[in-house]
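Note sheet for the following structure.
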Amino acid sequence: MSEALQSLLDLLDLERIEEDIYRGRSRSAVVPRVFGGQVAAQAMVAAGRTVPTDRHAHSLHAYFLRPGDPGAPIVYNVDRLRDGRSFTTRRVVAVQHGKPIFTLSASFQTYEEGLDHQAPMPPAPDPATLPTGEERLRAYPHLPAETVERFLEARAAVDLRYVDDPPFGDFGTPREPHSQVWFRTNGKLEDDPLLHVVLATYVSDMTLLDSVLLAHGRGGWAVGDVVGASLDHAMWFHRPFRADEWLLYDQQSPSASGGRGLGQARIHTQDGRLAVSVVQEGVVRVPR
């Protein structure tokens with residue numbers, strides 16, 4: 001396991017303050033606020049620690065309410081909304097400085113046999129043939145060295161490989177609002193289904209709005225031609241997967257309007273199983 005991955009796992013390992021109350025810390029991100037994927041992942045850890053181990057996460061729905069302060073701890077309060085025969089529901093509120101910054105509802109289910117079908121996996125090159133994240137980032141001379149280093153530090157725990165140029169690599173001309181990345185953690189994880197869900201949740205917030213930027217030829221926050229933030233985020237976990245094995249994150253944007261952009265995505269395992277569906281809307285504004 002890489003040092004960066006161990007550091008991320010330590011970050012996600014919340015401190016229990018009281019029954020159903022947990023405390024987490026933060027670290028620096030690409031933008032000067034708490035990374036949204038971190039808050040969502042920590043909230044899933046808090047929710048999961050109140051659920052029997054035979055019930056696995058099948059969905060989450062979250063709202064980002066306020067920017068998080070990376071210099072202050074985050075307190076996660078868990079409400080046990082329902083413990084049914086098949087489903088368990090939790091609500092988590094993340095609080096900083098006495099105010100909620102994030103809310104999450106998560107649902108967990110016991111294993112059941114049932115109907116089974118899925119959309120086919122889209123074509124994509126083998127991840128082993130693609131440049132690493134570091135190779136791709138360092139190939140763009142227009143990116144300031146400080147920006148490159150911040151990206152690399154923020155993503156050091158994950159091997160994330162773009163299929164095509166990301167928005168900040170090739171911008172100025174609109175492209176198809178479709179983006180693909182392969183990702184896996186930089187090291188093996190324990191055989192804990194919740195841990196793999198948590199890591200996928202963490203990564204899911206890194207690139208989902210890229211397709212919105214591609215549609216308008218914008219480079220994004222890395223080059224300063226838009227400002228934005230995540231507004232809400234939803235995930236459905238269809239089939240078991242491992243976050244330490246290659247996952248294809250296939251993303252597209254069907255709409256942008258009113259200063260907001262919508263991203264939709266599917267996550268497939270390398271052997272073609274549809275593992276996760278993701279939807280996110282974010283603020284995407286052009287600076288005046």
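Labels used: A, B, ... for chains in the order of the structure tokens, numbers from 1 for residues in each chain, and numbers from 1 for ligands as shown.
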Got a sec: who's within 12 Å of Val158 in chain A, counting only C-alpha atoms, leaving out chain neighbours fewer than 4 positions off, as a PyMOL selection string? chain A and resi 1-9+132-134+151-154+181-188+199-200+202-204+206+243-247
Long-range neighbours of His142 in chain A as a list in words, 12 Å cut-off, only C-alpha atoms, 6 positions minimum in chain: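 After dropping sequence-adjacent residues, the list is Val148, Phe168, Gly169, Asp170, Phe171, Gly219, Ala222 and Val223 of chain A.
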Put those residues in a file: all heavy atoms, as a PDB file, in the first residue's frame.
```pdb
ATOM      1  N   VAL A 148      -0.006  21.948 -10.827  1.00  0.00           N
ATOM      2  CA  VAL A 148       0.302  20.536 -11.082  1.00  0.00           C
ATOM      3  C   VAL A 148       0.595  19.812  -9.774  1.00  0.00           C
ATOM      4  O   VAL A 148       0.079  18.718  -9.517  1.00  0.00           O
ATOM      5  CB  VAL A 148       1.488  20.405 -12.059  1.00  0.00           C
ATOM      6  CG1 VAL A 148       1.961  18.960 -12.146  1.00  0.00           C
ATOM      7  CG2 VAL A 148       1.106  20.916 -13.437  1.00  0.00           C
ATOM      8  N   PHE A 168      -8.743  20.839 -18.576  1.00  0.00           N
ATOM      9  CA  PHE A 168      -7.636  21.769 -18.338  1.00  0.00           C
ATOM     10  C   PHE A 168      -6.436  21.499 -19.232  1.00  0.00           C
ATOM     11  O   PHE A 168      -5.514  22.289 -19.292  1.00  0.00           O
ATOM     12  CB  PHE A 168      -7.215  21.739 -16.864  1.00  0.00           C
ATOM     13  CG  PHE A 168      -6.908  20.360 -16.334  1.00  0.00           C
ATOM     14  CD1 PHE A 168      -5.701  19.741 -16.602  1.00  0.00           C
ATOM     15  CD2 PHE A 168      -7.844  19.683 -15.570  1.00  0.00           C
ATOM     16  CE1 PHE A 168      -5.419  18.475 -16.116  1.00  0.00           C
ATOM     17  CE2 PHE A 168      -7.576  18.415 -15.070  1.00  0.00           C
ATOM     18  CZ  PHE A 168      -6.360  17.805 -15.350  1.00  0.00           C
ATOM     19  N   GLY A 169      -6.452  20.372 -19.953  1.00  0.00           N
ATOM     20  CA  GLY A 169      -5.341  20.057 -20.839  1.00  0.00           C
ATOM     21  C   GLY A 169      -5.525  20.585 -22.241  1.00  0.00           C
ATOM     22  O   GLY A 169      -4.554  20.977 -22.898  1.00  0.00           O
ATOM     23  N   ASP A 170      -6.755  20.598 -22.732  1.00  0.00           N
ATOM     24  CA  ASP A 170      -7.046  21.046 -24.089  1.00  0.00           C
ATOM     25  C   ASP A 170      -8.369  21.794 -24.051  1.00  0.00           C
ATOM     26  O   ASP A 170      -9.437  21.175 -23.995  1.00  0.00           O
ATOM     27  CB  ASP A 170      -7.128  19.834 -25.030  1.00  0.00           C
ATOM     28  CG  ASP A 170      -7.432  20.241 -26.467  1.00  0.00           C
ATOM     29  OD1 ASP A 170      -7.300  21.439 -26.786  1.00  0.00           O
ATOM     30  OD2 ASP A 170      -7.825  19.362 -27.265  1.00  0.00           O
ATOM     31  N   PHE A 171      -8.300  23.115 -24.047  1.00  0.00           N
ATOM     32  CA  PHE A 171      -9.531  23.903 -23.922  1.00  0.00           C
ATOM     33  C   PHE A 171      -9.518  25.049 -24.924  1.00  0.00           C
ATOM     34  O   PHE A 171      -8.516  25.322 -25.581  1.00  0.00           O
ATOM     35  CB  PHE A 171      -9.693  24.440 -22.487  1.00  0.00           C
ATOM     36  CG  PHE A 171      -8.529  25.249 -21.980  1.00  0.00           C
ATOM     37  CD1 PHE A 171      -8.528  26.623 -22.067  1.00  0.00           C
ATOM     38  CD2 PHE A 171      -7.427  24.618 -21.409  1.00  0.00           C
ATOM     39  CE1 PHE A 171      -7.461  27.371 -21.592  1.00  0.00           C
ATOM     40  CE2 PHE A 171      -6.348  25.352 -20.926  1.00  0.00           C
ATOM     41  CZ  PHE A 171      -6.367  26.726 -21.023  1.00  0.00           C
ATOM     42  N   GLY A 219     -11.580  25.266 -19.455  1.00  0.00           N
ATOM     43  CA  GLY A 219     -10.543  24.476 -18.818  1.00  0.00           C
ATOM     44  C   GLY A 219     -10.817  24.165 -17.365  1.00  0.00           C
ATOM     45  O   GLY A 219     -10.262  23.232 -16.810  1.00  0.00           O
ATOM     46  N   ALA A 222      -8.702  24.687 -12.718  1.00  0.00           N
ATOM     47  CA  ALA A 222      -7.243  24.603 -12.812  1.00  0.00           C
ATOM     48  C   ALA A 222      -6.660  25.764 -13.605  1.00  0.00           C
ATOM     49  O   ALA A 222      -5.506  26.150 -13.391  1.00  0.00           O
ATOM     50  CB  ALA A 222      -6.824  23.283 -13.447  1.00  0.00           C
ATOM     51  N   VAL A 223      -7.437  26.329 -14.539  1.00  0.00           N
ATOM     52  CA  VAL A 223      -6.935  27.447 -15.343  1.00  0.00           C
ATOM     53  C   VAL A 223      -7.701  28.730 -15.075  1.00  0.00           C
ATOM     54  O   VAL A 223      -7.369  29.781 -15.629  1.00  0.00           O
ATOM     55  CB  VAL A 223      -6.981  27.105 -16.858  1.00  0.00           C
ATOM     56  CG1 VAL A 223      -6.093  25.912 -17.149  1.00  0.00           C
ATOM     57  CG2 VAL A 223      -8.404  26.838 -17.332  1.00  0.00           C
TER      58      VAL A 223
END
```
Selected residue, from A:Gln252, A:Thr50, A:Ser59, A:Thr103, that lies nearest to Trp236 in chain A when counting only C-alpha atoms: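 Under the stated criterion, the closest residue is A:Ser59.
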Two-atom distance - CA of His56 in chain A, CA of Ser107 in chain A (Å): 8.3 Å
Write out as number ranges by chain all residues of range 95-217 of chain A that backbone DSSP assigns to strand (DSSP E or B). A: 95-96, 99-110, 158-162, 178-185
Which one of A:Tyr76, A:Pro52, A:Gly172, A:Thr110 sits closest to Glu19 in chain A if you count only C-alpha atoms?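 Checking each candidate against Glu19 in chain A, we get A:Tyr76 as the closest.
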Any idea what's packed within 9 Å of Gln264 in chain A, counting only C-alpha atoms, ignoring anything in its chain fewer than 2 positions away? Could you give it as a PyMOL selection string? chain A and resi 208-209+211+250-254+262+266+277-281
As an exercise, work out the distance from CA of Ala229 in chain A to CA of Ile74 in chain A in Å and give it to one decimal place.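 That distance, rounded to one decimal, is 18.7 Å.
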Where in range 54-174 of chain A does DSSP assign alpha helix (DSSP H), given as a PyMOL selection string? chain A and resi 133-138+145-154
Just the number, please: distance in Å from CA of Phe102 in chain A to CA of Leu160 in chain A, one decimal.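 These atoms are spaced 25.9 Å apart.
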Could you list, as a CSV table (one decimal) with N, CA and C atoms, in the first residue's frame, every residue within 12 Å of Pro131 in chain A, counting only C-alpha atoms and ignoring same-chain residues fewer than 3 positions away?
```
chain,number,residue,atom,x,y,z
A,125,PRO,N,-10.2,2.2,-24.0
A,125,PRO,CA,-8.8,1.6,-24.1
A,125,PRO,C,-8.4,0.9,-22.8
A,126,ASP,N,-7.5,0.0,-22.9
A,126,ASP,CA,-7.0,-0.7,-21.7
A,126,ASP,C,-6.3,0.4,-20.9
A,127,PRO,N,-6.5,0.5,-19.6
A,127,PRO,CA,-5.9,1.5,-18.7
A,127,PRO,C,-4.4,1.4,-18.7
A,128,ALA,N,-3.8,0.2,-19.0
A,128,ALA,CA,-2.4,0.0,-19.0
A,128,ALA,C,-1.7,0.8,-20.1
A,134,GLU,N,0.3,11.6,-13.5
A,134,GLU,CA,1.4,12.5,-13.4
A,134,GLU,C,2.0,12.8,-14.8
A,135,GLU,N,2.1,11.7,-15.6
A,135,GLU,CA,2.6,11.9,-17.0
A,135,GLU,C,1.8,12.9,-17.8
A,136,ARG,N,0.5,12.8,-17.6
A,136,ARG,CA,-0.4,13.7,-18.4
A,136,ARG,C,-0.3,15.1,-17.9
A,137,LEU,N,-0.4,15.3,-16.6
A,137,LEU,CA,-0.3,16.6,-16.0
A,137,LEU,C,1.0,17.3,-16.4
A,138,ARG,N,2.1,16.7,-16.3
A,138,ARG,CA,3.4,17.3,-16.5
A,138,ARG,C,3.6,17.6,-18.0
A,139,ALA,N,2.7,17.0,-18.9
A,139,ALA,CA,2.8,17.3,-20.3
A,139,ALA,C,2.2,18.6,-20.8
A,159,ASP,N,-4.7,6.0,-8.6
A,159,ASP,CA,-4.2,6.0,-10.0
A,159,ASP,C,-5.3,6.3,-10.9
A,160,LEU,N,-5.4,7.5,-11.4
A,160,LEU,CA,-6.5,8.0,-12.2
A,160,LEU,C,-5.9,8.4,-13.6
A,161,ARG,N,-6.5,7.7,-14.6
A,161,ARG,CA,-5.9,7.9,-16.0
A,161,ARG,C,-7.1,8.3,-16.9
A,162,TYR,N,-6.9,9.5,-17.5
A,162,TYR,CA,-7.8,10.0,-18.5
A,162,TYR,C,-7.7,9.3,-19.8
A,163,VAL,N,-8.8,9.0,-20.4
A,163,VAL,CA,-8.7,8.4,-21.8
A,163,VAL,C,-8.3,9.4,-22.8
A,164,ASP,N,-8.9,10.6,-22.7
A,164,ASP,CA,-8.6,11.7,-23.6
A,164,ASP,C,-8.1,12.9,-22.7
A,165,ASP,N,-7.7,14.0,-23.4
A,165,ASP,CA,-7.3,15.2,-22.7
A,165,ASP,C,-8.4,15.7,-21.7
A,181,VAL,N,-12.5,8.2,-17.5
A,181,VAL,CA,-11.3,8.0,-16.8
A,181,VAL,C,-11.3,6.5,-16.2
A,182,TRP,N,-10.1,5.9,-16.1
A,182,TRP,CA,-10.0,4.7,-15.3
A,182,TRP,C,-9.4,5.1,-14.0
```
So that I can see what lies close to Tyr22 in chain A, please list as a PyMOL selection string the residues with an atom at most 9 Å from it, counting only C-alpha atoms and leaving out residues fewer than 4 positions away in the same chain. chain A and resi 14-18+46+74-78
Could those selected residues go to a file with N, CA and C atoms, as a PDB file, in the first residue's frame?
```
ATOM      1  N   LEU A  14     -12.814   7.822  11.093  1.00  0.00           N
ATOM      2  CA  LEU A  14     -13.346   8.847  11.978  1.00  0.00           C
ATOM      3  C   LEU A  14     -13.178   8.482  13.453  1.00  0.00           C
ATOM      4  N   GLU A  15     -13.104   9.517  14.259  1.00  0.00           N
ATOM      5  CA  GLU A  15     -13.062   9.363  15.709  1.00  0.00           C
ATOM      6  C   GLU A  15     -14.488   9.335  16.255  1.00  0.00           C
ATOM      7  N   ARG A  16     -14.803   8.340  17.063  1.00  0.00           N
ATOM      8  CA  ARG A  16     -16.130   8.258  17.684  1.00  0.00           C
ATOM      9  C   ARG A  16     -16.135   9.137  18.931  1.00  0.00           C
ATOM     10  N   ILE A  17     -16.992  10.158  18.954  1.00  0.00           N
ATOM     11  CA  ILE A  17     -17.095  11.066  20.093  1.00  0.00           C
ATOM     12  C   ILE A  17     -18.131  10.562  21.096  1.00  0.00           C
ATOM     13  N   GLU A  18     -19.264  10.127  20.572  1.00  0.00           N
ATOM     14  CA  GLU A  18     -20.393   9.670  21.363  1.00  0.00           C
ATOM     15  C   GLU A  18     -21.191   8.751  20.466  1.00  0.00           C
ATOM     16  N   ALA A  46     -19.412   7.292   8.606  1.00  0.00           N
ATOM     17  CA  ALA A  46     -20.224   7.497   9.808  1.00  0.00           C
ATOM     18  C   ALA A  46     -21.528   6.710   9.729  1.00  0.00           C
ATOM     19  N   ILE A  74     -14.589  18.342  11.412  1.00  0.00           N
ATOM     20  CA  ILE A  74     -15.976  18.198  10.969  1.00  0.00           C
ATOM     21  C   ILE A  74     -16.648  17.178  11.862  1.00  0.00           C
ATOM     22  N   VAL A  75     -17.799  17.530  12.418  1.00  0.00           N
ATOM     23  CA  VAL A  75     -18.560  16.622  13.265  1.00  0.00           C
ATOM     24  C   VAL A  75     -19.702  16.033  12.444  1.00  0.00           C
ATOM     25  N   TYR A  76     -19.825  14.702  12.500  1.00  0.00           N
ATOM     26  CA  TYR A  76     -20.858  13.985  11.750  1.00  0.00           C
ATOM     27  C   TYR A  76     -21.879  13.410  12.722  1.00  0.00           C
ATOM     28  N   ASN A  77     -23.113  13.898  12.626  1.00  0.00           N
ATOM     29  CA  ASN A  77     -24.209  13.413  13.454  1.00  0.00           C
ATOM     30  C   ASN A  77     -25.075  12.459  12.640  1.00  0.00           C
ATOM     31  N   VAL A  78     -25.279  11.247  13.137  1.00  0.00           N
ATOM     32  CA  VAL A  78     -26.025  10.219  12.412  1.00  0.00           C
ATOM     33  C   VAL A  78     -27.400  10.037  13.043  1.00  0.00           C
TER      34      VAL A  78
END
```
From the set A:Asp20, A:Val34, A:Arg150, A:Asp210, which residue has the shortest atom-to-atom contact distance to Phe64 in chain A, counting only C-alpha atoms?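 Of A:Asp20, A:Val34, A:Arg150, A:Asp210, the one nearest Phe64 in chain A, counting only C-alpha atoms, is A:Val34.
The shortest atom-to-atom distance to Val284 in chain A, with only C-alpha atoms taken into account, belongs to A:Asp225 out of A:Glu146, A:Asp225, A:Asp69, A:Glu176.
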